[in-house]
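Q: Just so it is clear, I am handing over structure_21.pdb, which has PDB, C-alpha atoms.
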ATOM      1  CA  MET A   1      -1.862  17.368   6.339
ATOM      2  CA  THR A   2       0.964  19.033   8.209
ATOM      3  CA  GLN A   3       4.283  20.428   7.142
ATOM      4  CA  VAL A   4       7.804  19.313   7.947
ATOM      5  CA  THR A   5       9.008  21.256  10.985
ATOM      6  CA  PRO A   6      10.219  24.793  10.112
ATOM      7  CA  ASP A   7      13.650  24.180  11.682
ATOM      8  CA  ALA A   8      14.274  21.526   9.025
ATOM      9  CA  ALA A   9      15.428  24.100   6.444
ATOM     10  CA  SER A  10      18.515  21.938   5.926
ATOM     11  CA  PRO A  11      17.227  18.474   6.814
ATOM     12  CA  ARG A  12      19.654  15.600   7.218
ATOM     13  CA  MET A  13      18.760  13.247   4.389
ATOM     14  CA  ALA A  14      19.279   9.535   3.857
ATOM     15  CA  ILE A  15      19.126   9.088   0.086
ATOM     16  CA  LEU A  16      18.132   5.538  -0.892
ATOM     17  CA  ALA A  17      17.781   4.139  -4.404
ATOM     18  CA  ALA A  18      16.198   1.216  -6.185
ATOM     19  CA  ASP A  19      18.551  -1.244  -7.860
ATOM     20  CA  THR A  20      18.229   0.300 -11.322
ATOM     21  CA  ALA A  21      20.771   2.208 -13.367
ATOM     22  CA  GLU A  22      18.625   5.375 -13.426
ATOM     23  CA  ALA A  23      17.964   5.418  -9.677
ATOM     24  CA  LEU A  24      21.571   4.579  -8.701
ATOM     25  CA  ALA A  25      22.970   7.274 -10.974
ATOM     26  CA  ALA A  26      20.537   9.819  -9.510
ATOM     27  CA  GLN A  27      21.523   8.761  -5.986
ATOM     28  CA  ALA A  28      25.224   9.279  -6.743
ATOM     29  CA  ARG A  29      24.607  12.801  -8.063
ATOM     30  CA  LEU A  30      22.355  13.795  -5.155
ATOM     31  CA  VAL A  31      24.703  12.409  -2.499
ATOM     32  CA  ALA A  32      27.651  14.264  -4.066
ATOM     33  CA  ARG A  33      25.633  17.467  -4.022
ATOM     34  CA  TRP A  34      23.642  17.288  -0.798
ATOM     35  CA  GLY A  35      25.444  14.728   1.362
ATOM     36  CA  GLN A  36      24.357  11.453   2.913
ATOM     37  CA  HIS A  37      23.281  10.424   6.425
ATOM     38  CA  PRO A  38      22.485   6.957   7.820
ATOM     39  CA  PRO A  39      18.714   6.311   7.909
ATOM     40  CA  ASP A  40      18.727   6.010  11.717
ATOM     41  CA  SER A  41      20.150   9.522  12.172
ATOM     42  CA  ALA A  42      18.465  11.255   9.242
ATOM     43  CA  ASP A  43      15.538  13.664   9.534
ATOM     44  CA  VAL A  44      14.064  12.542   6.218
ATOM     45  CA  ILE A  45      14.500   9.535   3.958
ATOM     46  CA  VAL A  46      14.602  10.301   0.234
ATOM     47  CA  ALA A  47      13.572   7.307  -1.885
ATOM     48  CA  LEU A  48      14.538   7.175  -5.560
ATOM     49  CA  GLY A  49      12.722   4.627  -7.717
ATOM     50  CA  GLY A  50       9.172   3.645  -8.551
ATOM     51  CA  ASP A  51       6.058   3.015  -6.488
ATOM     52  CA  GLY A  52       7.236  -0.506  -5.658
ATOM     53  CA  PHE A  53      10.505   0.750  -4.208
ATOM     54  CA  LEU A  54       8.674   3.405  -2.199
ATOM     55  CA  LEU A  55       6.474   0.702  -0.657
ATOM     56  CA  GLU A  56       9.591  -1.355   0.150
ATOM     57  CA  THR A  57      11.145   1.703   1.809
ATOM     58  CA  LEU A  58       8.011   2.359   3.861
ATOM     59  CA  HIS A  59       8.035  -1.254   5.069
ATOM     60  CA  ARG A  60      11.730  -1.106   5.976
ATOM     61  CA  CYS A  61      11.319   2.169   7.828
ATOM     62  CA  VAL A  62       8.212   1.382   9.911
ATOM     63  CA  GLU A  63      10.246   1.258  13.120
ATOM     64  CA  ARG A  64      12.386   4.274  12.239
ATOM     65  CA  ARG A  65       9.355   6.609  12.131
ATOM     66  CA  ARG A  66      11.003   8.926   9.606
ATOM     67  CA  PRO A  67       9.054  10.832   6.935
ATOM     68  CA  ILE A  68       9.758   9.637   3.412
ATOM     69  CA  TYR A  69      10.073  11.893   0.386
ATOM     70  CA  GLY A  70       9.966   9.889  -2.832
ATOM     71  CA  MET A  71      11.131  11.019  -6.255
ATOM     72  CA  ASN A  72      10.162   9.165  -9.381
ATOM     73  CA  CYS A  73      12.962   7.266 -11.092
ATOM     74  CA  GLY A  74      10.600   4.499 -12.241
ATOM     75  CA  SER A  75       7.548   4.309 -14.458
ATOM     76  CA  VAL A  76       4.185   5.310 -12.944
ATOM     77  CA  GLY A  77       5.265   7.156  -9.808
ATOM     78  CA  PHE A  78       1.780   7.684  -8.398
ATOM     79  CA  LEU A  79       3.103   7.869  -4.815
ATOM     80  CA  LEU A  80       6.166   9.909  -5.752
ATOM     81  CA  ASN A  81       7.163  13.475  -6.460
ATOM     82  CA  ASP A  82       8.668  14.526  -9.765
ATOM     83  CA  PHE A  83      12.412  13.989  -9.957
ATOM     84  CA  GLN A  84      14.444  17.183  -9.715
ATOM     85  CA  GLU A  85      18.008  17.656  -8.520
ATOM     86  CA  GLU A  86      17.785  21.373  -7.791
ATOM     87  CA  ASP A  87      16.862  22.701  -4.332
ATOM     88  CA  LEU A  88      16.235  19.280  -2.822
ATOM     89  CA  PRO A  89      16.643  20.392   0.835
ATOM     90  CA  ARG A  90      14.226  23.281   0.258
ATOM     91  CA  ARG A  91      11.666  21.020  -1.407
ATOM     92  CA  VAL A  92      11.881  18.508   1.424
ATOM     93  CA  ALA A  93      11.526  21.228   4.053
ATOM     94  CA  ALA A  94       8.469  22.693   2.288
ATOM     95  CA  ALA A  95       6.787  19.321   1.683
ATOM     96  CA  ARG A  96       3.420  18.407   3.166
ATOM     97  CA  ILE A  97       2.914  15.247   5.224
ATOM     98  CA  VAL A  98       0.255  12.644   4.523
ATOM     99  CA  ILE A  99      -0.239  10.063   7.289
ATOM    100  CA  LEU A 100      -1.140   6.539   6.218
ATOM    101  CA  HIS A 101      -2.337   3.641   8.381
ATOM    102  CA  PRO A 102      -1.681   0.196   6.870
ATOM    103  CA  LEU A 103      -3.705  -2.988   7.048
ATOM    104  CA  ARG A 104      -2.506  -5.794   9.270
ATOM    105  CA  MET A 105      -2.882  -9.256   7.755
ATOM    106  CA  ARG A 106      -3.028 -12.311   9.984
ATOM    107  CA  ALA A 107      -2.928 -15.357   7.719
ATOM    108  CA  THR A 108      -3.350 -18.859   9.098
ATOM    109  CA  ALA A 109      -1.868 -21.541   6.835
ATOM    110  CA  ILE A 110      -3.363 -25.012   6.509
ATOM    111  CA  ASP A 111      -0.493 -26.349   8.665
ATOM    112  CA  GLY A 112      -1.666 -24.081  11.505
ATOM    113  CA  ARG A 113       1.187 -21.582  11.351
ATOM    114  CA  VAL A 114       0.180 -17.924  11.647
ATOM    115  CA  HIS A 115       1.884 -15.231   9.562
ATOM    116  CA  GLU A 116       1.498 -11.482  10.110
ATOM    117  CA  ALA A 117       2.374  -8.666   7.739
ATOM    118  CA  LEU A 118       1.410  -5.095   6.926
ATOM    119  CA  GLY A 119      -0.291  -4.027   3.711
ATOM    120  CA  ILE A 120       0.138  -0.337   2.935
ATOM    121  CA  ASN A 121      -1.711  -0.641  -0.371
ATOM    122  CA  ASP A 122      -3.782  -3.760   0.113
ATOM    123  CA  VAL A 123      -4.160  -7.341   1.259
ATOM    124  CA  SER A 124      -5.327  -9.860  -1.316
ATOM    125  CA  VAL A 125      -6.127 -13.556  -1.548
ATOM    126  CA  LEU A 126      -5.476 -15.307  -4.856
ATOM    127  CA  ARG A 127      -6.128 -18.749  -6.276
ATOM    128  CA  GLN A 128      -2.951 -20.812  -6.733
ATOM    129  CA  THR A 129      -4.136 -23.279  -9.380
ATOM    130  CA  ARG A 130      -6.582 -23.578 -12.263
ATOM    131  CA  GLN A 131      -9.391 -24.101  -9.741
ATOM    132  CA  ALA A 132     -11.319 -20.996  -8.727
ATOM    133  CA  ALA A 133     -11.165 -20.042  -5.059
ATOM    134  CA  LYS A 134     -14.144 -20.426  -2.748
ATOM    135  CA  LEU A 135     -14.279 -17.852   0.037
ATOM    136  CA  GLN A 136     -16.558 -17.135   2.953
ATOM    137  CA  ILE A 137     -16.615 -13.456   3.934
ATOM    138  CA  THR A 138     -17.210 -12.368   7.533
ATOM    139  CA  VAL A 139     -17.288  -8.722   8.634
ATOM    140  CA  ASP A 140     -17.164  -7.912  12.356
ATOM    141  CA  GLY A 141     -18.279 -11.408  13.296
ATOM    142  CA  VAL A 142     -21.224 -11.571  10.874
ATOM    143  CA  VAL A 143     -21.071 -13.847   7.835
ATOM    144  CA  ARG A 144     -21.954 -11.510   4.977
ATOM    145  CA  MET A 145     -21.289 -13.911   2.100
ATOM    146  CA  PRO A 146     -21.374 -17.676   2.746
ATOM    147  CA  GLU A 147     -19.689 -18.497  -0.561
ATOM    148  CA  LEU A 148     -17.893 -16.408  -3.164
ATOM    149  CA  ILE A 149     -16.436 -18.264  -6.136
ATOM    150  CA  CYS A 150     -13.735 -16.117  -7.718
ATOM    151  CA  ASP A 151     -10.088 -15.740  -8.654
ATOM    152  CA  GLY A 152      -9.549 -13.868  -5.401
ATOM    153  CA  ALA A 153     -10.426 -10.768  -3.421
ATOM    154  CA  ILE A 154      -8.715  -7.530  -2.389
ATOM    155  CA  VAL A 155      -9.064  -5.413   0.723
ATOM    156  CA  SER A 156      -7.653  -1.992  -0.122
ATOM    157  CA  THR A 157      -6.726   1.139   1.795
ATOM    158  CA  PRO A 158      -7.561   4.542   0.258
ATOM    159  CA  ALA A 159      -3.888   4.967  -0.695
ATOM    160  CA  GLY A 160      -3.955   1.622  -2.506
ATOM    161  CA  SER A 161      -7.373   2.039  -4.079
ATOM    162  CA  THR A 162      -5.867   3.323  -7.338
ATOM    163  CA  ALA A 163      -3.536   0.317  -7.658
ATOM    164  CA  TYR A 164      -4.545  -3.376  -7.916
ATOM    165  CA  ASN A 165      -8.002  -2.542  -6.559
ATOM    166  CA  LEU A 166      -8.744  -0.181  -9.451
ATOM    167  CA  SER A 167      -7.470  -2.719 -11.991
ATOM    168  CA  ALA A 168     -10.019  -5.174 -10.547
ATOM    169  CA  HIS A 169     -12.740  -2.524 -11.106
ATOM    170  CA  GLY A 170     -12.875  -1.502  -7.461
ATOM    171  CA  PRO A 171     -13.728   2.048  -6.359
ATOM    172  CA  ILE A 172     -11.284   4.898  -5.861
ATOM    173  CA  ILE A 173     -11.434   6.067  -2.234
ATOM    174  CA  PRO A 174     -10.512   9.604  -1.067
ATOM    175  CA  LEU A 175      -7.862   9.561   1.654
ATOM    176  CA  GLY A 176     -10.060  11.037   4.378
ATOM    177  CA  ALA A 177     -13.112   8.891   3.672
ATOM    178  CA  GLY A 178     -12.511   6.488   6.564
ATOM    179  CA  ILE A 179     -13.447   3.416   4.543
ATOM    180  CA  LEU A 180     -11.857   0.325   3.019
ATOM    181  CA  ALA A 181     -12.720  -1.360  -0.273
ATOM    182  CA  LEU A 182     -13.464  -5.080  -0.498
ATOM    183  CA  THR A 183     -13.265  -5.999  -4.175
ATOM    184  CA  PRO A 184     -13.656  -9.430  -5.816
ATOM    185  CA  ILE A 185     -11.319 -10.549  -8.573
ATOM    186  CA  SER A 186     -13.258 -12.106 -11.476
ATOM    187  CA  ALA A 187     -16.281 -13.125  -9.400
ATOM    188  CA  PHE A 188     -18.056 -16.173 -10.884
ATOM    189  CA  ARG A 189     -20.758 -16.682  -8.240
ATOM    190  CA  PRO A 190     -22.464 -14.415  -7.364
ATOM    191  CA  ARG A 191     -21.545 -13.106 -10.781
ATOM    192  CA  ARG A 192     -22.964  -9.627 -10.336
ATOM    193  CA  TRP A 193     -21.343  -8.900  -6.971
ATOM    194  CA  ARG A 194     -18.978  -5.944  -7.318
ATOM    195  CA  GLY A 195     -17.693  -5.707  -3.760
ATOM    196  CA  ALA A 196     -18.391  -3.542  -0.716
ATOM    197  CA  LEU A 197     -17.251  -0.386   1.028
ATOM    198  CA  LEU A 198     -16.584  -0.954   4.727
ATOM    199  CA  PRO A 199     -15.785   1.340   7.655
ATOM    200  CA  HIS A 200     -12.064   1.508   8.345
ATOM    201  CA  GLN A 201     -12.626   0.015  11.838
ATOM    202  CA  ALA A 202     -14.061  -3.181  10.333
ATOM    203  CA  THR A 203     -12.388  -6.560  10.796
ATOM    204  CA  ILE A 204     -12.673  -8.714   7.679
ATOM    205  CA  VAL A 205     -12.180 -12.479   7.778
ATOM    206  CA  LEU A 206     -11.794 -14.511   4.600
ATOM    207  CA  ASP A 207     -12.191 -18.240   5.240
ATOM    208  CA  ILE A 208     -10.979 -20.459   2.438
ATOM    209  CA  LEU A 209     -13.420 -23.221   1.530
ATOM    210  CA  GLU A 210     -12.218 -26.537   0.082
ATOM    211  CA  VAL A 211      -8.610 -25.647   0.895
ATOM    212  CA  ALA A 212      -7.140 -28.924  -0.358
ATOM    213  CA  LYS A 213      -8.875 -28.787  -3.730
ATOM    214  CA  ARG A 214      -8.732 -25.011  -4.198
ATOM    215  CA  PRO A 215      -5.465 -23.703  -2.636
ATOM    216  CA  VAL A 216      -5.195 -19.971  -2.057
ATOM    217  CA  SER A 217      -2.337 -17.600  -1.227
ATOM    218  CA  ALA A 218      -2.533 -14.376   0.786
ATOM    219  CA  VAL A 219      -0.477 -11.300  -0.078
ATOM    220  CA  ALA A 220       0.119  -8.113   1.935
ATOM    221  CA  ASP A 221       1.795  -5.777  -0.565
ATOM    222  CA  SER A 222       4.775  -7.983  -1.561
ATOM    223  CA  TYR A 223       4.689 -10.460   1.373
ATOM    224  CA  GLU A 224       3.073 -13.745   0.310
ATOM    225  CA  VAL A 225       1.843 -16.727   2.320
ATOM    226  CA  ARG A 226       0.945 -19.887   0.380
ATOM    227  CA  ASP A 227      -1.776 -22.413   1.186
ATOM    228  CA  VAL A 228      -3.801 -20.361   3.638
ATOM    229  CA  ALA A 229      -6.965 -21.462   5.427
ATOM    230  CA  ARG A 230      -8.046 -18.131   6.946
ATOM    231  CA  VAL A 231      -7.045 -14.497   6.523
ATOM    232  CA  GLU A 232      -7.959 -11.786   9.033
ATOM    233  CA  ILE A 233      -7.572  -8.167   7.923
ATOM    234  CA  ALA A 234      -7.949  -4.952   9.916
ATOM    235  CA  GLU A 235      -6.515  -1.462   9.804
ATOM    236  CA  ASP A 236      -3.664  -0.993  12.265
ATOM    237  CA  ARG A 237      -3.904   2.575  13.543
ATOM    238  CA  SER A 238      -1.001   2.010  15.914
ATOM    239  CA  VAL A 239       1.236   2.255  12.842
ATOM    240  CA  SER A 240       1.574   5.682  11.208
ATOM    241  CA  LEU A 241       3.557   6.145   8.008
ATOM    242  CA  HIS A 242       4.487   9.657   6.894
ATOM    243  CA  LEU A 243       4.768  10.430   3.176
ATOM    244  CA  LEU A 244       5.958  13.827   1.940
ATOM    245  CA  PHE A 245       4.574  15.593  -1.130
ATOM    246  CA  ASP A 246       5.375  18.873  -2.840
ATOM    247  CA  PRO A 247       2.784  21.608  -2.144
ATOM    248  CA  GLY A 248      -0.101  21.447  -4.609
ATOM    249  CA  LYS A 249       0.711  17.852  -5.585
ATOM    250  CA  SER A 250      -0.609  15.981  -2.564
ATOM    251  CA  LEU A 251      -1.758  12.379  -2.580
ATOM    252  CA  GLU A 252      -5.323  13.563  -1.928
ATOM    253  CA  GLU A 253      -5.216  15.667  -5.094
ATOM    254  CA  ARG A 254      -3.819  12.786  -7.139
ATOM    255  CA  ILE A 255      -6.516  10.388  -5.940
ATOM    256  CA  LEU A 256      -9.226  12.968  -6.690
ATOM    257  CA  LYS A 257      -7.785  13.668 -10.127
ATOM    258  CA  GLU A 258      -7.669   9.956 -10.916
ATOM    259  CA  GLN A 259     -11.476   9.834 -10.698
ATOM    260  CA  PHE A 260     -11.799  12.258 -13.617
ATOM    261  CA  GLU A 261      -9.167  10.722 -15.889
ATOM    262  CA  PRO A 262     -10.664   9.511 -19.198
TER     263      PRO A 262
END
As structure tokens, what does this structure read like?
A:
Amino acid sequence: MTQVTPDAASPRMAILAADTAEALAAQARLVARWGQHPPDSADVIVALGGDGFLLETLHRCVERRRPIYGMNCGSVGFLLNDFQEEDLPRRVAAARIVILHPLRMRATAIDGRVHEALGINDVSVLRQTRQAAKLQITVDGVVRMPELICDGAIVSTPAGSTAYNLSAHGPIIPLGAGILALTPISAFRPRRWRGALLPHQATIVLDILEVAKRPVSAVADSYEVRDVARVEIAEDRSVSLHLLFDPGKSLEERILKEQFEP
């Protein structure tokens, strides 16, 4: 981790808010107190909302390459700092940077169209109907599982390992581990398969078997493609996303702490 540049003692802030009464009211108070700058000319983007809004902000700001300091005005707030109106410029200037590299999803639909999207937390494939999905899993050109019958599967980054992946009983991954989690959702055959840990350089291909009978959708964070035939997933290290955390409350510490929660 690094720190925001020392000359940013009074950083120019773009204060964005989720479309909720709590977040919008907080935005109005902070803007009145600390000012407002357009995102393209700001040093830092302050995001007010929940984890979902922070992910939306990260996606919208990929090209802007601005660090993002989130404050929790939602429910869980795992990726966010505690909300506090006092000393916001000082907190932002003292914050530590965590660099995230998202997954790039390349989903080919049954009509042949190819859709690309980034998954900061994860990329998942999910059955669309009552029929279970049938998947073939290939890693770096080698078929590792000819047939997985399941509700779906998740490929998760370390940052996303405590989200949907954990709910599907996948492992929590420390940020610096250099691995991805491949986790099945309600695996039926092979019933005892619990997933795999893969090097972050791996390319994972999920081919959908019996696509007409067992339709499947692919989702990168909130971007969904219906009726897919193949999904290719790989980490995109050409994209760097910078998240800011208060000292002593880093994302690494939160992920580590999560492993000891009862």
Q: Restricting the calculation to only C-alpha atoms, which member of A:Ser156, A:Leu79, A:Asp221, A:Leu182 is positioned closest to A:Ile255?
A: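 Using only C-alpha atoms, A:Ile255 sits closest to A:Leu79.
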Q: Quote the spacing between atom CA of A:Ala177 and atom CA of A:Gly248 in Å to one decimal place.
A: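 Those two atoms sit 19.9 Å apart.
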Q: Nearest residue to A:Val231 out of A:Glu116, A:Asp111, A:Glu252, A:Asp246, using all atoms listed in the file?
A: A:Glu116
Q: Up to 8 Å from (-4.0, 12.3, 6.4) in the file's coordinates: name the residues, counting all atoms listed in the file, as a PyMOL selection string.
A: chain A and resi 1+97-100+175-176
Q: From the options A:Ala220, A:Ala132, A:Ala107, A:Val155, which residue's atoms come nearest to A:Ser186, counting all atoms listed in the file?
A: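 The shortest atom-to-atom distance to A:Ser186 comes from A:Ala132.
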Q: When distances are computed from only C-alpha atoms, which of A:Thr157, A:Ser222, A:Thr20, A:Thr138 shows the smallest separation from A:Asp122?
A: A:Thr157
Q: When the PyMOL selection byres ((chain A and resi 256) around 12) is applied to the file above, which residues end up in the set, as a list in words?
A: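 So the PyMOL selection byres ((chain A and resi 256) around 12) ends up selecting Pro158, Ala159, Ser161, Thr162, Pro171, Ile172, Ile173, Pro174, Leu175, Gly176, Ala177, Lys249, Ser250, Leu251, Glu252, Glu253, Arg254, Ile255, Lys257, Glu258, Gln259, Phe260 and Glu261 of chain A.
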Q: Might you spell out which residues the PyMOL selection byres ((chain A and resi 77) around 12) would select in the displayed file, as a JSON list (two decimals) with C-alpha atoms, keeping the file's coordinate frame?
A:
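Saved result, expr05.json, follows:
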[["chain", "number", "residue", "atom", "x", "y", "z"],
["A", 47, "ALA", "CA", 13.57, 7.31, -1.88],
["A", 48, "LEU", "CA", 14.54, 7.18, -5.56],
["A", 49, "GLY", "CA", 12.72, 4.63, -7.72],
["A", 50, "GLY", "CA", 9.17, 3.64, -8.55],
["A", 51, "ASP", "CA", 6.06, 3.02, -6.49],
["A", 52, "GLY", "CA", 7.24, -0.51, -5.66],
["A", 53, "PHE", "CA", 10.50, 0.75, -4.21],
["A", 54, "LEU", "CA", 8.67, 3.40, -2.20],
["A", 55, "LEU", "CA", 6.47, 0.70, -0.66],
["A", 70, "GLY", "CA", 9.97, 9.89, -2.83],
["A", 71, "MET", "CA", 11.13, 11.02, -6.26],
["A", 72, "ASN", "CA", 10.16, 9.16, -9.38],
["A", 73, "CYS", "CA", 12.96, 7.27, -11.09],
["A", 74, "GLY", "CA", 10.60, 4.50, -12.24],
["A", 75, "SER", "CA", 7.55, 4.31, -14.46],
["A", 76, "VAL", "CA", 4.18, 5.31, -12.94],
["A", 78, "PHE", "CA", 1.78, 7.68, -8.40],
["A", 79, "LEU", "CA", 3.10, 7.87, -4.82],
["A", 80, "LEU", "CA", 6.17, 9.91, -5.75],
["A", 81, "ASN", "CA", 7.16, 13.48, -6.46],
["A", 82, "ASP", "CA", 8.67, 14.53, -9.76],
["A", 83, "PHE", "CA", 12.41, 13.99, -9.96],
["A", 163, "ALA", "CA", -3.54, 0.32, -7.66],
["A", 251, "LEU", "CA", -1.76, 12.38, -2.58],
["A", 254, "ARG", "CA", -3.82, 12.79, -7.14]]
Q: What gap, in Å, lies between atom CA of A:Thr57 and atom CA of A:Val114?
A: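 Result for atom CA of A:Thr57 versus atom CA of A:Val114: 24.5 Å, one decimal.
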Q: Exactly which residues make up the result of the PyMOL selection byres ((chain A and resi 241) around 9) on this file, given as a PyMOL selection string?
A: chain A and resi 58+61-62+65-68+98-102+120+239-240+242-243
Q: To one decimal place, how far is atom CA of A:Gly178 from atom CA of A:Gly195 in Å?
A: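 Distance reported for this atom pair: 16.8 Å.
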Q: Using only C-alpha atoms, pick whichever of A:Leu118, A:Ile110, A:Ala42, A:Leu180 has the shortest atom-to-atom distance to A:Glu210.
A: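 Ranked by minimum distance to A:Glu210, first place goes to A:Ile110.
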Q: A:Arg33, A:Arg192, A:His200, A:Arg104: which is nearest A:Asp236, counting all atoms listed in the file?
A: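 Between A:Arg33, A:Arg192, A:His200, A:Arg104, the residue approaching A:Asp236 most closely is A:Arg104.
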